[in-house]
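Novice: I'd like to ask you about the structure that follows.
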Amino acid sequence: MTETQQFEAFLHNYQNMVFSTAMRLLANQSEAEDVTQEVFLRAYERFATLRDSPTVGGWLKTVATNLSLNHLARYRARWSFFSELSRSSDEGDELVVDFPAPEDTHAAIEAADRRELVERALQSLPPAQRVPLVLFHLESLQYDEIAEKLGVSLGKVKTDIFRGREALRQKLQLKLEAESL
Amino acid sequence: MDSELEKQLTASVQRELNTLGELAAPSGLAARIMGTIQQRAAAPWYRRAWQTWPFPQRAAALVVMLALFAGLCVGSWQFGQSDLLADALGSIGERLSLVNVLWGALGALGNAITLAVQSIHPLVWIGGALVMLGCYAACVGLGTVCVRLAWARR
């Protein structure tokens, strides 16, 4: 097996993981594809050392996360400045995303693929909420690590994650125990 | 929301997100990446990053760079020892006198501008600053609206 063939096999093994990481942070397929390509081009340059490394998955995830955040950083000033203003228009976005009406939510959820619904709900969140939420729940980063990575205050990270969870709860009609009593 | 509800919300969201598997990468992505890699590999060595050059070329480039650096050091030292430096400093001094004249003229112009600025009422400055701030905010706002509209149509 040549080195190119080995890399191709490596690429097929990890492409979904890298693409998922980028896609959940960027919520844009073409940008996620570009980030995935850049991650694997970097991996190819270090393939001799990465090939046998037990931490290759972590390396790929970290590079994908950092490249996605670098990409988002270009727009960060805009979404920080307008994060409050955009909240009212985000409600409008929910109408664009084709979620079922509350009356038939239960039946629709039963019929639809639940994961697809969660994925779409996650991607419909504004970047200011989605990015820290994904870093916390899917990339297992702590609040202070997220604040450092995004260059924002700890308080803002906590607030944005809380708002993101709350938005997901509403979109997915999640019931909390205390509410159902 | 009290802390108990918040904990439940966190756990509930975590449960939902834990069900998410990996997204399937687009079918043509691997081919695109391999194509880019092959395209880069086919490029001549001098168009690639220095680290990826063949060893003889890398060694030769290093030797050339070291020779250039040594030549620069020796040249500078020789230049400092010769009369060329004194001649060059003399000629620079002559040109600096012209610079002094220009500097004096600029100073006088600066003083005149300062006097003119001091005679303008502070409210005019504040008004000007507010207009500029308003223009900036309008530009940022319009830019954001355009971006949001563009995203909404995707």
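We label chains A, B, ... in the order they appear in the structure tokens, count residues from 1 in each chain, and number ligands from 1 in the order shown.
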Near chain A, which residues of chain B fall within 8 Å when you count only C-alpha atoms, and what do they look like as a list in words?
Specialist: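 Within 8 Å of chain A on chain B, we get Leu5, Gln8, Leu9, Thr10, Ser12, Val13, Gln14, Glu16, Leu17, Asn18, Thr19, Leu20, Glu22, Leu23, Ala24, Ala25, Leu29, Ala30, Ile33, Met34, Ile37 and Thr144 of chain B.
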Novice: With N, CA, C and O atoms retained, could you export that selection as a PDB file, in the first residue's frame?
Specialist:
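Listing of again_29.pdb after writing:
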ATOM      1  N   LEU B   5     -33.813  23.724  37.941  1.00  0.00           N
ATOM      2  CA  LEU B   5     -34.326  23.674  36.571  1.00  0.00           C
ATOM      3  C   LEU B   5     -33.191  23.814  35.563  1.00  0.00           C
ATOM      4  O   LEU B   5     -33.197  23.181  34.507  1.00  0.00           O
ATOM      5  N   GLN B   8     -31.469  20.586  35.199  1.00  0.00           N
ATOM      6  CA  GLN B   8     -32.291  19.682  34.372  1.00  0.00           C
ATOM      7  C   GLN B   8     -32.190  20.047  32.902  1.00  0.00           C
ATOM      8  O   GLN B   8     -32.110  19.172  32.031  1.00  0.00           O
ATOM      9  N   LEU B   9     -32.197  21.358  32.638  1.00  0.00           N
ATOM     10  CA  LEU B   9     -32.104  21.815  31.252  1.00  0.00           C
ATOM     11  C   LEU B   9     -30.769  21.391  30.642  1.00  0.00           C
ATOM     12  O   LEU B   9     -30.719  20.878  29.520  1.00  0.00           O
ATOM     13  N   THR B  10     -29.693  21.583  31.431  1.00  0.00           N
ATOM     14  CA  THR B  10     -28.361  21.199  30.949  1.00  0.00           C
ATOM     15  C   THR B  10     -28.315  19.701  30.628  1.00  0.00           C
ATOM     16  O   THR B  10     -27.846  19.296  29.561  1.00  0.00           O
ATOM     17  N   SER B  12     -30.825  17.713  30.070  1.00  0.00           N
ATOM     18  CA  SER B  12     -31.755  17.373  28.999  1.00  0.00           C
ATOM     19  C   SER B  12     -31.148  17.681  27.625  1.00  0.00           C
ATOM     20  O   SER B  12     -31.224  16.865  26.698  1.00  0.00           O
ATOM     21  N   VAL B  13     -30.508  18.861  27.516  1.00  0.00           N
ATOM     22  CA  VAL B  13     -29.863  19.240  26.247  1.00  0.00           C
ATOM     23  C   VAL B  13     -28.703  18.297  25.955  1.00  0.00           C
ATOM     24  O   VAL B  13     -28.513  17.856  24.823  1.00  0.00           O
ATOM     25  N   GLN B  14     -27.937  17.951  27.010  1.00  0.00           N
ATOM     26  CA  GLN B  14     -26.808  17.033  26.815  1.00  0.00           C
ATOM     27  C   GLN B  14     -27.298  15.684  26.292  1.00  0.00           C
ATOM     28  O   GLN B  14     -26.700  15.097  25.397  1.00  0.00           O
ATOM     29  N   GLU B  16     -30.012  15.101  24.554  1.00  0.00           N
ATOM     30  CA  GLU B  16     -30.414  15.233  23.142  1.00  0.00           C
ATOM     31  C   GLU B  16     -29.190  15.273  22.223  1.00  0.00           C
ATOM     32  O   GLU B  16     -29.170  14.633  21.175  1.00  0.00           O
ATOM     33  N   LEU B  17     -28.177  16.042  22.634  1.00  0.00           N
ATOM     34  CA  LEU B  17     -26.996  16.195  21.765  1.00  0.00           C
ATOM     35  C   LEU B  17     -26.162  14.922  21.726  1.00  0.00           C
ATOM     36  O   LEU B  17     -25.478  14.666  20.736  1.00  0.00           O
ATOM     37  N   ASN B  18     -26.243  14.127  22.806  1.00  0.00           N
ATOM     38  CA  ASN B  18     -25.500  12.860  22.813  1.00  0.00           C
ATOM     39  C   ASN B  18     -26.037  11.876  21.776  1.00  0.00           C
ATOM     40  O   ASN B  18     -25.341  10.955  21.369  1.00  0.00           O
ATOM     41  N   THR B  19     -27.295  12.078  21.384  1.00  0.00           N
ATOM     42  CA  THR B  19     -27.877  11.149  20.399  1.00  0.00           C
ATOM     43  C   THR B  19     -27.356  11.438  18.987  1.00  0.00           C
ATOM     44  O   THR B  19     -27.538  10.622  18.096  1.00  0.00           O
ATOM     45  N   LEU B  20     -26.754  12.611  18.819  1.00  0.00           N
ATOM     46  CA  LEU B  20     -26.282  12.971  17.476  1.00  0.00           C
ATOM     47  C   LEU B  20     -25.069  12.132  17.094  1.00  0.00           C
ATOM     48  O   LEU B  20     -24.112  12.046  17.854  1.00  0.00           O
ATOM     49  N   GLU B  22     -22.214  11.155  13.831  1.00  0.00           N
ATOM     50  CA  GLU B  22     -21.400  11.963  12.915  1.00  0.00           C
ATOM     51  C   GLU B  22     -22.213  12.258  11.656  1.00  0.00           C
ATOM     52  O   GLU B  22     -22.953  11.403  11.182  1.00  0.00           O
ATOM     53  N   LEU B  23     -22.033  13.454  11.149  1.00  0.00           N
ATOM     54  CA  LEU B  23     -22.677  13.798   9.880  1.00  0.00           C
ATOM     55  C   LEU B  23     -21.853  13.173   8.757  1.00  0.00           C
ATOM     56  O   LEU B  23     -20.623  13.098   8.855  1.00  0.00           O
ATOM     57  N   ALA B  24     -22.536  12.746   7.719  1.00  0.00           N
ATOM     58  CA  ALA B  24     -21.806  12.161   6.579  1.00  0.00           C
ATOM     59  C   ALA B  24     -21.195  13.278   5.747  1.00  0.00           C
ATOM     60  O   ALA B  24     -21.893  14.211   5.353  1.00  0.00           O
ATOM     61  N   ALA B  25     -19.911  13.163   5.497  1.00  0.00           N
ATOM     62  CA  ALA B  25     -19.253  14.159   4.650  1.00  0.00           C
ATOM     63  C   ALA B  25     -19.768  14.007   3.221  1.00  0.00           C
ATOM     64  O   ALA B  25     -20.105  12.892   2.809  1.00  0.00           O
ATOM     65  N   LEU B  29     -16.145  14.958  -1.396  1.00  0.00           N
ATOM     66  CA  LEU B  29     -15.149  15.722  -0.619  1.00  0.00           C
ATOM     67  C   LEU B  29     -13.779  15.030  -0.592  1.00  0.00           C
ATOM     68  O   LEU B  29     -12.743  15.678  -0.805  1.00  0.00           O
ATOM     69  N   ALA B  30     -13.784  13.722  -0.368  1.00  0.00           N
ATOM     70  CA  ALA B  30     -12.503  12.993  -0.294  1.00  0.00           C
ATOM     71  C   ALA B  30     -11.755  13.105  -1.612  1.00  0.00           C
ATOM     72  O   ALA B  30     -10.536  13.336  -1.634  1.00  0.00           O
ATOM     73  N   ILE B  33     -10.202  16.517  -1.916  1.00  0.00           N
ATOM     74  CA  ILE B  33      -9.006  16.674  -1.076  1.00  0.00           C
ATOM     75  C   ILE B  33      -7.819  15.946  -1.704  1.00  0.00           C
ATOM     76  O   ILE B  33      -6.716  16.490  -1.799  1.00  0.00           O
ATOM     77  N   MET B  34      -8.070  14.708  -2.168  1.00  0.00           N
ATOM     78  CA  MET B  34      -6.969  13.942  -2.783  1.00  0.00           C
ATOM     79  C   MET B  34      -6.471  14.646  -4.047  1.00  0.00           C
ATOM     80  O   MET B  34      -5.272  14.663  -4.337  1.00  0.00           O
ATOM     81  N   ILE B  37      -4.236  17.449  -3.022  1.00  0.00           N
ATOM     82  CA  ILE B  37      -2.940  16.917  -2.555  1.00  0.00           C
ATOM     83  C   ILE B  37      -2.062  16.525  -3.749  1.00  0.00           C
ATOM     84  O   ILE B  37      -0.875  16.859  -3.810  1.00  0.00           O
ATOM     85  N   THR B 144     -24.704  44.865   8.301  1.00  0.00           N
ATOM     86  CA  THR B 144     -25.295  43.730   9.016  1.00  0.00           C
ATOM     87  C   THR B 144     -26.616  43.315   8.385  1.00  0.00           C
ATOM     88  O   THR B 144     -26.883  42.122   8.212  1.00  0.00           O
TER      89      THR B 144
END
Novice: Can you list, as a PyMOL selection string, every residue of segment 37-139 of chain B that DSSP puts in alpha helix (DSSP H)?
Specialist: chain B and resi 37-42+55-81+84-118+122-139
Novice: How many Å separate atom CA of Ala31 of chain B from atom CA of Glu139 of chain A?
Specialist: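 Distance between the two atoms: 27.5 Å.
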Novice: Quote the spacing between atom CA of Arg40 of chain B and atom CA of Thr52 of chain B in Å to one decimal place.
Specialist: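 Separating atom CA of Arg40 of chain B from atom CA of Thr52 of chain B is a distance of 11.0 Å.
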Novice: Could you state the separation of atom CA of Ala42 of chain B and atom CA of Trp59 of chain A in Å, given to one decimal place?
Specialist: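 So the two atoms, atom CA of Ala42 of chain B and atom CA of Trp59 of chain A, lie 27.0 Å apart.
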